[in-house]
$ cat my_file02.cif   # mmCIF, C-alpha atoms and all ligand atoms
data_work
loop_
_atom_site.label_atom_id
_atom_site.label_comp_id
_atom_site.auth_asym_id
_atom_site.auth_seq_id
_atom_site.Cartn_x
_atom_site.Cartn_y
_atom_site.Cartn_z
CA MET A 1 105.28 81.34 65.60
CA GLU A 2 105.87 84.69 63.94
CA THR A 3 108.22 86.91 65.95
CA THR A 4 109.89 90.32 65.68
CA THR A 5 113.34 91.22 67.00
CA VAL A 6 113.29 94.24 69.33
CA LYS A 7 115.88 96.15 71.34
CA ALA A 8 116.00 95.63 75.10
CA TYR A 9 118.24 96.13 78.13
CA GLY A 10 119.22 93.22 80.30
CA THR A 11 122.06 91.09 81.57
CA GLU A 12 123.35 87.50 81.43
CA ALA A 13 124.71 87.41 85.00
CA ALA A 14 124.27 88.98 88.45
CA THR A 15 127.80 90.33 88.25
CA LYS A 16 127.42 91.94 84.82
CA PRO A 17 126.00 95.42 84.18
CA LEU A 18 122.81 95.77 82.16
CA HIS A 19 123.47 96.42 78.47
CA GLU A 20 121.63 96.57 75.18
CA MET A 21 120.53 93.25 73.77
CA LYS A 22 118.03 91.86 71.26
CA ILE A 23 114.96 89.80 72.19
CA GLU A 24 112.09 88.26 70.25
CA ARG A 25 108.46 89.32 70.70
CA ARG A 26 105.62 87.24 69.26
CA ALA A 27 103.21 88.80 66.79
CA ALA A 28 99.87 89.55 68.50
CA THR A 29 97.72 86.41 68.56
CA ALA A 30 93.89 86.54 68.75
CA HIS A 31 93.61 87.86 72.33
CA ASP A 32 96.88 89.79 72.41
CA VAL A 33 97.63 93.49 72.63
CA GLU A 34 100.96 94.78 71.30
CA ILE A 35 102.19 97.86 73.16
CA GLU A 36 104.95 100.26 72.18
CA ILE A 37 106.55 100.89 75.58
CA LEU A 38 106.93 104.61 76.29
CA TYR A 39 107.95 104.49 79.97
CA CYS A 40 108.98 101.77 82.39
CA GLY A 41 109.45 102.18 86.15
CA ILE A 42 112.37 100.62 88.04
CA CYS A 43 111.13 98.61 91.03
CA HIS A 44 113.47 97.28 93.72
CA SER A 45 112.23 93.80 92.71
CA ASP A 46 113.99 94.32 89.34
CA LEU A 47 117.21 94.84 91.27
CA HIS A 48 116.59 91.84 93.61
CA GLN A 49 116.05 89.59 90.57
CA VAL A 50 119.01 90.88 88.56
CA LYS A 51 121.23 90.28 91.60
CA ASN A 52 119.61 86.86 92.08
CA ASP A 53 118.74 87.77 95.71
CA PHE A 54 115.96 85.15 95.77
CA GLY A 55 117.91 82.46 93.89
CA ALA A 56 115.26 82.48 91.16
CA ALA A 57 116.92 84.44 88.35
CA ILE A 58 116.64 83.10 84.81
CA TYR A 59 119.32 84.70 82.63
CA PRO A 60 119.40 86.56 80.38
CA ILE A 61 117.11 88.84 82.37
CA VAL A 62 115.29 91.79 80.85
CA PRO A 63 113.60 93.37 83.89
CA GLY A 64 110.70 95.82 84.03
CA HIS A 65 107.13 95.39 85.23
CA GLU A 66 105.84 98.96 85.49
CA ILE A 67 105.09 99.29 81.81
CA VAL A 68 103.03 101.97 80.06
CA GLY A 69 102.70 102.77 76.40
CA ARG A 70 100.50 102.94 73.35
CA VAL A 71 98.69 100.06 71.67
CA THR A 72 100.19 99.42 68.23
CA ALA A 73 98.37 96.21 67.21
CA ILE A 74 95.57 93.99 68.49
CA GLY A 75 94.50 90.42 67.82
CA ASN A 76 91.16 89.86 66.11
CA HIS A 77 89.36 88.78 69.33
CA VAL A 78 90.50 91.76 71.41
CA THR A 79 87.58 93.77 72.78
CA LYS A 80 89.00 96.03 75.51
CA PHE A 81 91.61 97.94 73.47
CA LYS A 82 92.06 99.54 70.10
CA VAL A 83 95.17 100.77 68.30
CA GLY A 84 96.28 104.13 69.77
CA ASP A 85 94.93 103.51 73.31
CA LEU A 86 97.15 104.08 76.35
CA ALA A 87 97.76 100.79 78.12
CA GLY A 88 99.80 99.32 80.94
CA VAL A 89 101.23 95.96 81.98
CA GLY A 90 102.25 95.21 85.56
CA CYS A 91 103.69 92.09 87.18
CA ILE A 92 101.27 89.45 85.86
CA VAL A 93 101.07 88.42 82.21
CA ASP A 94 99.37 85.04 82.57
CA THR A 95 97.71 82.68 85.08
CA CYS A 96 95.69 79.45 84.84
CA ARG A 97 92.34 81.36 84.86
CA THR A 98 90.50 78.30 86.23
CA CYS A 99 91.62 77.85 89.85
CA ASN A 100 89.50 79.29 92.65
CA ASN A 101 91.89 82.19 93.23
CA CYS A 102 91.92 83.16 89.54
CA LYS A 103 88.12 82.94 89.41
CA GLU A 104 87.88 85.19 92.48
CA GLY A 105 90.17 87.78 90.84
CA PHE A 106 93.15 86.89 93.01
CA GLU A 107 95.42 86.08 90.07
CA GLN A 108 98.40 86.98 92.27
CA PHE A 109 97.66 83.80 94.23
CA CYS A 110 97.01 81.51 91.20
CA GLU A 111 97.33 77.91 92.37
CA GLU A 112 99.33 77.03 89.25
CA GLY A 113 101.66 79.96 89.85
CA MET A 114 101.47 83.18 87.87
CA THR A 115 103.62 84.05 84.90
CA PHE A 116 105.44 87.28 85.75
CA SER A 117 106.14 89.84 83.08
CA PHE A 118 109.82 88.95 83.33
CA ASN A 119 111.96 86.13 84.71
CA SER A 120 109.20 83.49 84.47
CA ILE A 121 108.91 80.33 82.44
CA ASP A 122 106.41 81.08 79.68
CA LYS A 123 104.09 78.06 79.87
CA THR A 124 102.15 79.00 76.74
CA TYR A 125 104.82 80.17 74.30
CA GLY A 126 107.98 78.53 75.66
CA GLY A 127 111.24 80.07 76.83
CA HIS A 128 111.04 82.71 79.54
CA THR A 129 109.42 86.12 79.75
CA PHE A 130 111.18 89.43 79.13
CA GLY A 131 110.02 92.60 80.83
CA GLY A 132 109.56 96.25 80.06
CA TYR A 133 113.10 97.51 79.52
CA SER A 134 112.37 96.97 75.84
CA GLU A 135 110.75 98.58 72.82
CA SER A 136 107.50 96.66 72.99
CA ILE A 137 105.56 93.92 74.76
CA VAL A 138 102.80 91.58 73.63
CA THR A 139 100.32 90.52 76.33
CA ASP A 140 96.90 88.86 76.50
CA GLU A 141 94.36 91.66 76.93
CA LYS A 142 93.08 90.03 80.12
CA TYR A 143 96.29 91.20 81.85
CA VAL A 144 96.49 94.66 80.22
CA LEU A 145 95.30 97.76 82.10
CA SER A 146 93.66 100.90 80.71
CA ILE A 147 95.55 104.08 81.61
CA PRO A 148 93.40 107.24 81.83
CA GLN A 149 94.63 110.09 79.64
CA THR A 150 94.38 112.51 82.57
CA LEU A 151 97.39 110.97 84.34
CA ASP A 152 100.94 112.02 83.43
CA LEU A 153 102.04 108.85 81.65
CA ALA A 154 105.65 108.64 82.90
CA SER A 155 104.61 109.26 86.53
CA ALA A 156 101.74 106.77 86.21
CA ALA A 157 104.05 103.88 85.23
CA PRO A 158 104.97 103.06 88.87
CA LEU A 159 101.31 102.54 89.72
CA LEU A 160 101.49 99.22 87.84
CA CYS A 161 103.56 97.64 90.62
CA ALA A 162 104.25 100.11 93.45
CA GLY A 163 100.67 101.42 93.26
CA ILE A 164 98.86 98.10 93.39
CA THR A 165 101.25 96.58 95.93
CA VAL A 166 100.37 99.27 98.48
CA TYR A 167 96.74 99.85 97.45
CA SER A 168 95.77 96.19 97.85
CA PRO A 169 96.66 95.83 101.57
CA LEU A 170 95.46 99.35 102.45
CA HIS A 171 92.13 98.48 100.84
CA HIS A 172 91.95 94.91 102.17
CA TRP A 173 92.56 96.01 105.78
CA LYS A 174 89.98 98.79 105.34
CA VAL A 175 92.22 101.76 105.99
CA GLY A 176 90.09 104.90 106.06
CA PRO A 177 89.14 107.95 108.12
CA GLY A 178 90.23 107.44 111.72
CA THR A 179 92.90 104.83 110.91
CA GLN A 180 96.38 105.60 112.25
CA VAL A 181 98.70 104.28 109.55
CA GLY A 182 102.47 103.84 109.67
CA ILE A 183 104.49 103.48 106.47
CA LEU A 184 108.01 102.03 106.79
CA GLY A 185 110.55 103.05 104.15
CA ILE A 186 110.05 105.93 101.76
CA GLY A 187 111.14 104.51 98.46
CA GLY A 188 109.04 103.76 95.39
CA LEU A 189 106.35 101.80 97.25
CA GLY A 190 106.43 103.87 100.44
CA HIS A 191 105.93 107.27 98.85
CA VAL A 192 102.96 106.06 96.78
CA ALA A 193 101.54 104.45 99.94
CA ILE A 194 101.57 107.84 101.68
CA LYS A 195 99.50 109.36 98.88
CA ILE A 196 97.01 106.48 98.63
CA ALA A 197 96.53 106.14 102.42
CA LYS A 198 95.94 109.90 102.66
CA ALA A 199 93.39 109.75 99.82
CA MET A 200 91.63 106.96 101.76
CA GLY A 201 91.35 109.39 104.68
CA ALA A 202 93.90 107.94 107.13
CA PHE A 203 96.33 109.76 109.44
CA VAL A 204 99.71 108.80 108.00
CA THR A 205 103.06 108.67 109.78
CA VAL A 206 106.20 107.59 107.97
CA PHE A 207 109.21 105.86 109.51
CA THR A 208 112.42 106.40 107.60
CA THR A 209 116.14 105.91 108.06
CA SER A 210 116.88 109.10 106.08
CA GLN A 211 116.76 112.58 107.66
CA SER A 212 116.28 114.14 104.19
CA LYS A 213 113.10 112.06 103.76
CA VAL A 214 111.82 113.14 107.22
CA ASP A 215 112.15 116.69 105.93
CA ASP A 216 110.34 115.86 102.67
CA ALA A 217 107.58 113.60 104.06
CA LYS A 218 105.00 116.35 104.60
CA ARG A 219 105.44 117.56 101.02
CA LEU A 220 104.57 114.00 99.97
CA GLY A 221 101.39 114.25 102.05
CA ALA A 222 102.35 112.55 105.33
CA ASP A 223 100.92 113.95 108.57
CA ASP A 224 104.05 113.11 110.55
CA ALA A 225 107.51 111.64 109.99
CA VAL A 226 109.83 109.79 112.36
CA LEU A 227 113.55 109.14 112.03
CA SER A 228 113.54 105.45 112.95
CA SER A 229 117.08 105.52 114.38
CA ASP A 230 116.01 108.02 117.08
CA PRO A 231 114.52 106.13 120.09
CA GLU A 232 112.99 109.35 121.49
CA GLN A 233 111.01 109.98 118.28
CA MET A 234 110.00 106.30 118.12
CA LYS A 235 108.51 106.38 121.66
CA LYS A 236 105.77 108.78 120.55
CA TYR A 237 104.03 106.03 118.55
CA ALA A 238 104.35 103.08 120.98
CA GLY A 239 100.99 101.27 120.93
CA LYS A 240 99.38 103.94 118.71
CA LEU A 241 99.15 102.61 115.14
CA ASN A 242 96.24 100.54 113.80
CA PHE A 243 98.00 99.50 110.63
CA ILE A 244 101.63 99.42 109.50
CA LEU A 245 102.76 98.84 105.93
CA ASP A 246 106.39 97.71 105.79
CA THR A 247 108.01 98.42 102.42
CA VAL A 248 111.64 98.01 103.51
CA SER A 249 113.76 96.10 100.98
CA ALA A 250 116.54 94.90 103.32
CA LYS A 251 116.79 93.02 106.61
CA HIS A 252 115.56 95.10 109.58
CA ASP A 253 114.09 94.61 113.04
CA VAL A 254 110.30 94.33 112.74
CA ASN A 255 109.85 93.95 116.52
CA ILE A 256 110.29 97.64 117.21
CA TYR A 257 107.41 98.33 114.81
CA LEU A 258 105.14 95.56 116.14
CA ASN A 259 105.36 97.47 119.41
CA GLN A 260 103.91 100.54 117.69
CA LEU A 261 100.63 98.65 117.05
CA THR A 262 97.45 99.09 119.05
CA VAL A 263 95.52 96.09 120.39
CA ASP A 264 94.35 94.14 117.31
CA GLY A 265 96.63 96.24 115.12
CA THR A 266 98.10 94.70 111.95
CA MET A 267 101.52 94.98 110.40
CA VAL A 268 101.77 93.93 106.75
CA LEU A 269 105.00 93.16 104.94
CA VAL A 270 105.23 94.00 101.28
CA GLY A 271 108.99 94.55 101.21
CA LEU A 272 111.01 91.44 100.38
CA PRO A 273 114.22 91.33 102.41
CA PRO A 274 116.00 88.25 101.07
CA GLU A 275 116.93 87.04 104.59
CA PRO A 276 114.39 85.67 107.13
CA LEU A 277 113.14 88.16 109.74
CA SER A 278 112.75 87.19 113.39
CA VAL A 279 109.62 87.99 115.37
CA SER A 280 109.45 87.83 119.17
CA ALA A 281 106.32 85.95 120.28
CA PHE A 282 105.74 88.59 122.97
CA ASN A 283 105.32 91.33 120.39
CA VAL A 284 102.31 89.65 118.80
CA VAL A 285 100.88 87.92 121.89
CA LYS A 286 100.73 91.23 123.72
CA GLY A 287 97.88 93.15 122.15
CA ARG A 288 96.63 90.28 119.92
CA ARG A 289 98.56 91.84 117.08
CA SER A 290 98.73 90.42 113.56
CA PHE A 291 101.82 90.13 111.39
CA SER A 292 100.95 89.50 107.76
CA GLY A 293 102.03 90.01 104.16
CA SER A 294 100.61 90.98 100.79
CA ASN A 295 101.61 90.31 97.20
CA ILE A 296 100.81 92.86 94.44
CA GLY A 297 97.08 92.54 93.57
CA GLY A 298 94.69 90.99 91.06
CA ILE A 299 94.00 92.44 87.62
CA ALA A 300 90.54 93.87 88.40
CA GLU A 301 91.92 95.36 91.61
CA THR A 302 94.82 96.89 89.67
CA GLN A 303 92.36 98.62 87.33
CA GLU A 304 90.37 99.76 90.39
CA MET A 305 93.62 101.22 91.83
CA VAL A 306 94.51 103.01 88.56
CA ASP A 307 91.02 104.53 88.45
CA PHE A 308 91.24 105.50 92.16
CA CYS A 309 94.58 107.22 91.46
CA ALA A 310 93.13 109.02 88.43
CA LYS A 311 90.20 110.23 90.57
CA HIS A 312 92.55 111.52 93.29
CA ASN A 313 95.25 112.65 90.83
CA ILE A 314 97.85 110.36 92.38
CA THR A 315 101.05 109.48 90.53
CA ALA A 316 104.63 108.79 91.60
CA ASP A 317 107.32 111.44 92.12
CA ILE A 318 109.78 110.31 89.51
CA GLU A 319 113.29 110.83 88.27
CA LEU A 320 113.13 110.24 84.52
CA ILE A 321 116.30 108.62 83.16
CA LYS A 322 117.67 107.46 79.85
CA ILE A 323 118.12 103.73 79.58
CA GLN A 324 121.87 104.24 79.15
CA ASP A 325 121.93 105.47 82.82
CA ILE A 326 120.33 102.31 84.17
CA ASN A 327 123.36 100.92 86.01
CA ASN A 328 123.87 104.21 87.86
CA ALA A 329 120.17 104.19 88.83
CA TYR A 330 120.53 100.61 90.15
CA ASN A 331 123.54 101.67 92.28
CA ARG A 332 121.57 104.55 93.73
CA LEU A 333 118.50 102.38 94.36
CA GLU A 334 120.66 99.92 96.27
CA LYS A 335 121.76 102.75 98.58
CA GLY A 336 118.21 104.05 99.16
CA ASP A 337 119.09 107.19 97.15
CA VAL A 338 115.79 107.34 95.26
CA HIS A 339 113.36 110.30 95.03
CA TYR A 340 111.18 108.43 94.70
CA ARG A 341 110.99 106.21 91.64
CA PHE A 342 113.29 105.97 88.66
CA VAL A 343 111.36 105.74 85.40
CA ILE A 344 113.03 105.01 82.08
CA ASP A 345 112.13 107.17 79.10
CA MET A 346 112.05 104.35 76.56
CA ALA A 347 112.53 106.77 73.66
CA SER A 348 116.22 106.69 74.73
CA LEU A 349 116.43 103.09 73.55
CA LYS A 350 116.34 104.51 70.01
CA ASP A 351 119.51 106.65 70.67
P1 LIG B 1 113.00 101.20 97.24
O1 LIG B 1 112.49 102.27 96.35
O2 LIG B 1 114.44 100.84 97.20
O3 LIG B 1 112.56 101.57 98.74
C1 LIG B 1 112.90 100.78 99.83
C2 LIG B 1 113.14 101.70 101.03
O4 LIG B 1 113.42 100.89 102.17
C3 LIG B 1 114.36 102.59 100.91
O5 LIG B 1 114.13 103.76 100.16
C4 LIG B 1 114.65 102.91 102.37
O6 LIG B 1 113.74 103.91 102.82
C5 LIG B 1 114.25 101.62 103.08
N1 LIG B 1 115.44 100.80 103.37
C6 LIG B 1 116.31 100.27 102.49
N2 LIG B 1 117.26 99.55 103.13
C7 LIG B 1 116.96 99.63 104.44
C8 LIG B 1 117.55 99.09 105.63
N3 LIG B 1 118.66 98.33 105.56
N4 LIG B 1 116.95 99.36 106.81
C9 LIG B 1 115.85 100.12 106.88
N5 LIG B 1 115.25 100.68 105.79
C10 LIG B 1 115.81 100.43 104.61
O7 LIG B 1 112.23 99.83 96.95
P2 LIG B 1 110.72 99.60 96.41
O8 LIG B 1 110.76 99.48 94.94
O9 LIG B 1 109.81 100.54 97.09
O10 LIG B 1 110.46 98.13 96.95
C11 LIG B 1 110.48 97.87 98.35
C12 LIG B 1 110.48 96.38 98.60
O11 LIG B 1 109.21 95.85 98.22
C13 LIG B 1 111.51 95.58 97.81
O12 LIG B 1 112.01 94.54 98.63
C14 LIG B 1 110.69 95.02 96.66
O13 LIG B 1 111.26 93.85 96.11
C15 LIG B 1 109.40 94.74 97.37
N6 LIG B 1 108.22 94.61 96.52
C16 LIG B 1 107.28 93.73 96.91
C17 LIG B 1 106.11 93.60 96.20
C18 LIG B 1 105.03 92.68 96.68
O14 LIG B 1 104.12 92.38 95.92
N7 LIG B 1 105.06 92.23 97.91
C19 LIG B 1 105.91 94.38 95.06
C20 LIG B 1 106.88 95.30 94.70
C21 LIG B 1 108.04 95.41 95.44
P3 LIG B 1 114.16 105.06 103.86
O15 LIG B 1 115.31 105.80 103.21
O16 LIG B 1 112.94 105.86 103.99
O17 LIG B 1 114.56 104.39 105.13
ZN ZN B 2 107.67 95.70 91.47
ZN ZN B 3 94.89 80.17 88.69
#

$ encode --input "my_file02.cif" --output "structure tokens" --more "lines below"
Ligand code: NAP
Ligand code: ZN
Ligand code: ZN
Amino acid sequence: METTTVKAYGTEAATKPLHEMKIERRAATAHDVEIEILYCGICHSDLHQVKNDFGAAIYPIVPGHEIVGRVTAIGNHVTKFKVGDLAGVGCIVDTCRTCNNCKEGFEQFCEEGMTFSFNSIDKTYGGHTFGGYSESIVTDEKYVLSIPQTLDLASAAPLLCAGITVYSPLHHWKVGPGTQVGILGIGGLGHVAIKIAKAMGAFVTVFTTSQSKVDDAKRLGADDAVLSSDPEQMKKYAGKLNFILDTVSAKHDVNIYLNQLTVDGTMVLVGLPPEPLSVSAFNVVKGRRSFSGSNIGGIAETQEMVDFCAKHNITADIELIKIQDINNAYNRLEKGDVHYRFVIDMASLKD
């Protein structure tokens, strides 16, 4: 197979900082789109995987799954893209395409397991996948998204993971006018969730551990903000929320939030604390409450989300960094010091 050597940033071990390295990208085959990566968001999942929080890391790791850029080459069977188009790649770069979930558009639940854009065994081409902290990526057009020109490209990058991860459950559980929504954690996912839930017409309250984010929540579009460490402020919402989206990345007590749900209310986890969480039976039995989870979204749904965000002019609030500052960004992300998504300007990889 014909390949090209490209620059990337990654690491060989959980204990080692990210640094420049070289990886191979295949030449575009018949259904492939080659994208010059212009911007790549930094999701907390990148950090979890680099640190091997889930015990699933395949080193060397080149993270990055909020990828946007310009199409530089296409295979001869490609129909959706042409050279020069803006395009994006999120978490999924391949699935079996034949199982019931794939056929229904739920590629995120592919029965054969999906191939992630990084840190996955590449069943078709061998080796393992490398993500977006790199000069370019080559992906089957089926898993490539169109990015409208009206969106600021750097701020749109986080839609490819943060955007779909929060849009999918908000949409699935029919959040809309009249829904009282709680968002836990104002990081990359949480701040985009505020904007999307507001655009869907909900009343949105955020629950944060950071006083500075309480102060900033209304600017982000929230109707109300609660400092979760203050029991007095927490009392106001006891039994009041129809839907809670939990984006918290570390272990925390979900029981106090289950108690904020109405009868038949639903709390959905999208955050991935590496340790198990405990749930008191009483907190779901009382009020027939549901405790659920959600995993990114399918490809068609991701395009639907991008188009929804373009219609409502929704992008992430970003801090644009050079790739050489990546380890500092990771340290800050680990401490919750993020306002509200780091995005790498990939032009810096040429420095
Ligand atoms: P992030 O930007 O780091 O935001 C996480 C937020 O959680 C922090 O900003 C902080 O918000 C809060 N937090 C962190 N530690 C906490 C603690 N110990 N107790 C309470 N709150 C805490 O991360 P992200 O990129 O939004 O990702 C969030 C989580 O979702 C990660 O675990 C990530 O792996 C996961 N994820 C899941 C999917 C999926 O498909 N299910 C997709 C993408 C990401 P405050 O300062 O406001 O408290
Ligand atoms: Zn992600
Ligand atoms: Zn499948």

$ closest_atom_pairs --input "my_file02.cif" --of "range 171-199 of chain A" --to "range 272-295 of chain A" --cutoff "12 Å" --atoms "only C-alpha atoms" --output "Markdown table"
| residue | atom | partner | partner_atom | distance |
| --- | --- | --- | --- | --- |
| A:His171 | CA | A:Ser294 | CA | 11.3 |
| A:His172 | CA | A:Ser294 | CA | 9.6 |
| A:Trp173 | CA | A:Ser294 | CA | 10.7 |
| A:Leu189 | CA | A:Leu272 | CA | 11.8 |

$ residues_near_ligand --input "my_file02.cif" --ligand "ligand LIG 1 (chain B)" --cutoff "6 Å" --atoms "only C-alpha atoms and all ligand atoms" --output "PDB file with C-alpha atoms, keeping the file's coordinate frame"
ATOM      1  CA  CYS A  43     111.130  98.610  91.030  1.00  0.00           C
ATOM      2  CA  HIS A  44     113.470  97.280  93.720  1.00  0.00           C
ATOM      3  CA  SER A  45     112.230  93.800  92.710  1.00  0.00           C
ATOM      4  CA  CYS A 161     103.560  97.640  90.620  1.00  0.00           C
ATOM      5  CA  ALA A 162     104.250 100.110  93.450  1.00  0.00           C
ATOM      6  CA  THR A 165     101.250  96.580  95.930  1.00  0.00           C
ATOM      7  CA  GLY A 185     110.550 103.050 104.150  1.00  0.00           C
ATOM      8  CA  ILE A 186     110.050 105.930 101.760  1.00  0.00           C
ATOM      9  CA  GLY A 187     111.140 104.510  98.460  1.00  0.00           C
ATOM     10  CA  GLY A 188     109.040 103.760  95.390  1.00  0.00           C
ATOM     11  CA  LEU A 189     106.350 101.800  97.250  1.00  0.00           C
ATOM     12  CA  GLY A 190     106.430 103.870 100.440  1.00  0.00           C
ATOM     13  CA  THR A 208     112.420 106.400 107.600  1.00  0.00           C
ATOM     14  CA  THR A 209     116.140 105.910 108.060  1.00  0.00           C
ATOM     15  CA  SER A 210     116.880 109.100 106.080  1.00  0.00           C
ATOM     16  CA  THR A 247     108.010  98.420 102.420  1.00  0.00           C
ATOM     17  CA  VAL A 248     111.640  98.010 103.510  1.00  0.00           C
ATOM     18  CA  SER A 249     113.760  96.100 100.980  1.00  0.00           C
ATOM     19  CA  ALA A 250     116.540  94.900 103.320  1.00  0.00           C
ATOM     20  CA  LYS A 251     116.790  93.020 106.610  1.00  0.00           C
ATOM     21  CA  HIS A 252     115.560  95.100 109.580  1.00  0.00           C
ATOM     22  CA  VAL A 270     105.230  94.000 101.280  1.00  0.00           C
ATOM     23  CA  GLY A 271     108.990  94.550 101.210  1.00  0.00           C
ATOM     24  CA  LEU A 272     111.010  91.440 100.380  1.00  0.00           C
ATOM     25  CA  PRO A 273     114.220  91.330 102.410  1.00  0.00           C
ATOM     26  CA  SER A 294     100.610  90.980 100.790  1.00  0.00           C
ATOM     27  CA  ASN A 295     101.610  90.310  97.200  1.00  0.00           C
ATOM     28  CA  ILE A 296     100.810  92.860  94.440  1.00  0.00           C
ATOM     29  CA  LEU A 333     118.500 102.380  94.360  1.00  0.00           C
ATOM     30  CA  GLY A 336     118.210 104.050  99.160  1.00  0.00           C
TER      31      GLY A 336
END

$ residues_near_point --input "my_file02.cif" --point "(110.1, 110.0, 102.4)" --cutoff "10 Å" --atoms "all atoms listed in the file" --output "number ranges by chain"
A: 183-188, 190-192, 194, 206-222, 225-226, 338-340

$ residues_near_point --input "my_file02.cif" --point "(100.5, 98.2, 77.0)" --cutoff "9 Å" --atoms "only C-alpha atoms" --output "PyMOL selection string"
chain A and resi 33-37+67-72+85-89+136-139+141+144-147

$ residues_around --input "my_file02.cif" --residues "Cys309 in chain A" --least-positions-apart "6" --cutoff "12 Å" --atoms "all atoms listed in the file" --output "MDAnalysis selection string"
chainID A and resid 147:148 150:152 155:160 163:164 167 192:193 195:200 302:303 315:316

$ closest_residue --input "my_file02.cif" --among "A:His48, A:His77, A:His19, A:His312" --to "Glu334 in chain A" --atoms "all atoms listed in the file"
A:His48

$ decode --input "my_file02.cif" --residues "range 233-268 of chain A" --atoms "C-alpha atoms" --output "PDB file, in the first residue's frame"
ATOM      1  CA  GLN A 233     -28.019  26.543  46.258  1.00  0.00           C
ATOM      2  CA  MET A 234     -28.532  22.838  45.479  1.00  0.00           C
ATOM      3  CA  LYS A 235     -31.827  22.713  47.454  1.00  0.00           C
ATOM      4  CA  LYS A 236     -33.511  25.050  44.969  1.00  0.00           C
ATOM      5  CA  TYR A 237     -33.581  22.330  42.296  1.00  0.00           C
ATOM      6  CA  ALA A 238     -34.597  19.291  44.409  1.00  0.00           C
ATOM      7  CA  GLY A 239     -37.179  17.368  42.352  1.00  0.00           C
ATOM      8  CA  LYS A 240     -37.307  20.067  39.652  1.00  0.00           C
ATOM      9  CA  LEU A 241     -35.312  18.887  36.613  1.00  0.00           C
ATOM     10  CA  ASN A 242     -36.764  16.779  33.787  1.00  0.00           C
ATOM     11  CA  PHE A 243     -33.413  15.938  32.253  1.00  0.00           C
ATOM     12  CA  ILE A 244     -29.819  16.036  33.494  1.00  0.00           C
ATOM     13  CA  LEU A 245     -26.773  15.650  31.270  1.00  0.00           C
ATOM     14  CA  ASP A 246     -23.705  14.657  33.286  1.00  0.00           C
ATOM     15  CA  THR A 247     -20.446  15.570  31.533  1.00  0.00           C
ATOM     16  CA  VAL A 248     -18.146  15.247  34.552  1.00  0.00           C
ATOM     17  CA  SER A 249     -14.845  13.523  33.743  1.00  0.00           C
ATOM     18  CA  ALA A 250     -13.913  12.324  37.258  1.00  0.00           C
ATOM     19  CA  LYS A 251     -15.549  10.313  40.039  1.00  0.00           C
ATOM     20  CA  HIS A 252     -18.407  12.224  41.727  1.00  0.00           C
ATOM     21  CA  ASP A 253     -21.604  11.527  43.643  1.00  0.00           C
ATOM     22  CA  VAL A 254     -24.465  11.126  41.163  1.00  0.00           C
ATOM     23  CA  ASN A 255     -27.034  10.567  43.940  1.00  0.00           C
ATOM     24  CA  ILE A 256     -27.294  14.236  44.799  1.00  0.00           C
ATOM     25  CA  TYR A 257     -28.228  14.924  41.172  1.00  0.00           C
ATOM     26  CA  LEU A 258     -30.702  12.026  40.869  1.00  0.00           C
ATOM     27  CA  ASN A 259     -32.550  13.796  43.658  1.00  0.00           C
ATOM     28  CA  GLN A 260     -32.874  16.879  41.454  1.00  0.00           C
ATOM     29  CA  LEU A 261     -35.031  14.909  38.974  1.00  0.00           C
ATOM     30  CA  THR A 262     -38.806  15.147  38.714  1.00  0.00           C
ATOM     31  CA  VAL A 263     -40.987  12.020  38.614  1.00  0.00           C
ATOM     32  CA  ASP A 264     -40.000  10.163  35.414  1.00  0.00           C
ATOM     33  CA  GLY A 265     -36.984  12.438  35.024  1.00  0.00           C
ATOM     34  CA  THR A 266     -33.855  11.089  33.315  1.00  0.00           C
ATOM     35  CA  MET A 267     -30.198  11.558  34.089  1.00  0.00           C
ATOM     36  CA  VAL A 268     -27.783  10.675  31.284  1.00  0.00           C
TER      37      VAL A 268
END
